[in-house]
Structure formats: structure tokens, C-alpha cells
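Q: Let me give you the structure first, and then I'll get to my questions.
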Amino acid sequence: MIKYRMFIDEVGNADLLSSDDPNHRFLSLTGVVVDLAYIESAAHPQMEAIKSAYFGSHPDEPVVLHRKQRRRSCGPSGTSASATCRTPRHH
């Protein structure tokens with residue numbers, strides 16, 4: 001039996017009266033359904049390689065990619081690492 005995983009993310013604000021800022025007046029929900037075998041064989045290893053190359057991710061201290069953290073600074077734990085933001089680390 002083929003198994004799937006569904007990833008859902010939201011951005012924006014569901015409360016239309018909370019802000020007059022036009023950038024805050026929409027809510028978007030996005031979902032992706034992916035074959036679990038593909039996640040295990042390709043997507044997960046590739047994502048870990050990207051995190052390792054750009055942020056020095058390690059299994060004992062994994063990098064969690066959150067948009068707000070990435071916008072504030074490029075370092076993985078709120079630390080500024082602008083020199084490594086767009087340049088992969090070479091091991």
C-alpha cells in the first residue's frame with residue numbers, strides 16, 4: 001500500500017478587521033501531498049543537505065526553517081551570519 005504525507009502551511013491573517021495594512025488582510029492555506037517513499041528517498045535527504053550546506057545543521061542540533069527567523073537573520077538560532085546567508089559551507 002502506498003502511503004502519503006500531507007504538509008499544510010498558512011500565512012496571513014484570518015481576522016479581516018485586525019489591521020488596516022493591506023499586506024495583512026489575506027489568509028492563505030497551502031497543502032502538498034507527497035508519496036512517503038519519495039520523502040524518505042529524495043526530499044528529506046536533499047533538505048538536510050541544504051540545511052547542512054547553508055546553516056551547518058547537525059542531527060544533534062537540527063535547523064528548523066521558519067520564515068520569520070530567516071528574515072530576521074540568516075543564522076540558524078537567531079544569530080547573525082550574513083556572510084553565510086547565501087554561500088554554502090564547504091566541508
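The chains in the C-alpha cells are called A, B, ... from first to last as shown; in each chain the residues are counted from 1, and the ligands are counted from 1 in the order shown.
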Write out as a PDB file with N, CA and C atoms, in the first residue's frame the residues lying within 8 Å of His24 of chain A, counting only C-alpha atoms and excluding same-chain residues fewer than 5 positions away.

A:
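Listing of result-v6.pdb after writing:
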```pdb
ATOM      1  N   GLY A  12      -0.562  34.678   6.810  1.00  0.00           N
ATOM      2  CA  GLY A  12      -1.531  35.761   6.768  1.00  0.00           C
ATOM      3  C   GLY A  12      -2.370  35.817   8.013  1.00  0.00           C
ATOM      4  N   ASN A  13      -3.530  36.454   7.860  1.00  0.00           N
ATOM      5  CA  ASN A  13      -4.384  36.745   8.994  1.00  0.00           C
ATOM      6  C   ASN A  13      -5.832  36.458   8.631  1.00  0.00           C
ATOM      7  N   SER A  19      -6.360  44.639  11.098  1.00  0.00           N
ATOM      8  CA  SER A  19      -5.335  45.550  10.607  1.00  0.00           C
ATOM      9  C   SER A  19      -5.835  46.308   9.387  1.00  0.00           C
TER      10      SER A  19
END
```

Q: Could you give me, as a PDB file with C-alpha atoms, in the first residue's frame, the residues within 12 Å of segment 4-7 of chain A, counting only C-alpha atoms and dropping anything in the same chain fewer than 4 positions from it?

A:
```
ATOM      1  CA  LEU A  29      -3.604  27.906   3.224  1.00  0.00           C
ATOM      2  CA  THR A  30      -1.369  25.715   1.102  1.00  0.00           C
ATOM      3  CA  GLY A  31      -1.178  21.952   1.109  1.00  0.00           C
ATOM      4  CA  VAL A  32       1.029  19.422  -0.639  1.00  0.00           C
ATOM      5  CA  VAL A  33       0.510  15.661  -0.711  1.00  0.00           C
ATOM      6  CA  VAL A  34       3.693  13.662  -1.272  1.00  0.00           C
ATOM      7  CA  ASP A  35       4.404   9.949  -1.599  1.00  0.00           C
ATOM      8  CA  LEU A  36       6.116   8.889   1.656  1.00  0.00           C
ATOM      9  CA  ALA A  37       8.675   6.801  -0.245  1.00  0.00           C
ATOM     10  CA  TYR A  38       9.740   9.928  -2.169  1.00  0.00           C
ATOM     11  CA  ILE A  39      10.127  11.873   1.079  1.00  0.00           C
ATOM     12  CA  GLU A  40      12.334   9.142   2.542  1.00  0.00           C
ATOM     13  CA  ALA A  43      13.058  15.081  -0.358  1.00  0.00           C
TER      14      ALA A  43
END
```

Q: Suppose you want the space between atom CA of Ala49 of chain A and atom CA of His66 of chain A; what is it in Å?

A: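 Those two atoms sit 16.9 Å apart.
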
Q: Just to confirm, what's the straight-line distance from atom CA of Lys3 of chain A to atom CA of Glu48 of chain A in Å (one decimal)?

A: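 Straight-line distance from atom CA of Lys3 of chain A to atom CA of Glu48 of chain A works out to 21.6 Å.
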
Q: Quick one: pull the distance between atom CA of Tyr54 of chain A and atom CA of Ser28 of chain A, Å, one decimal.

A: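 Atom CA of Ser28 of chain A lies at a distance of 27.9 Å from atom CA of Tyr54 of chain A.
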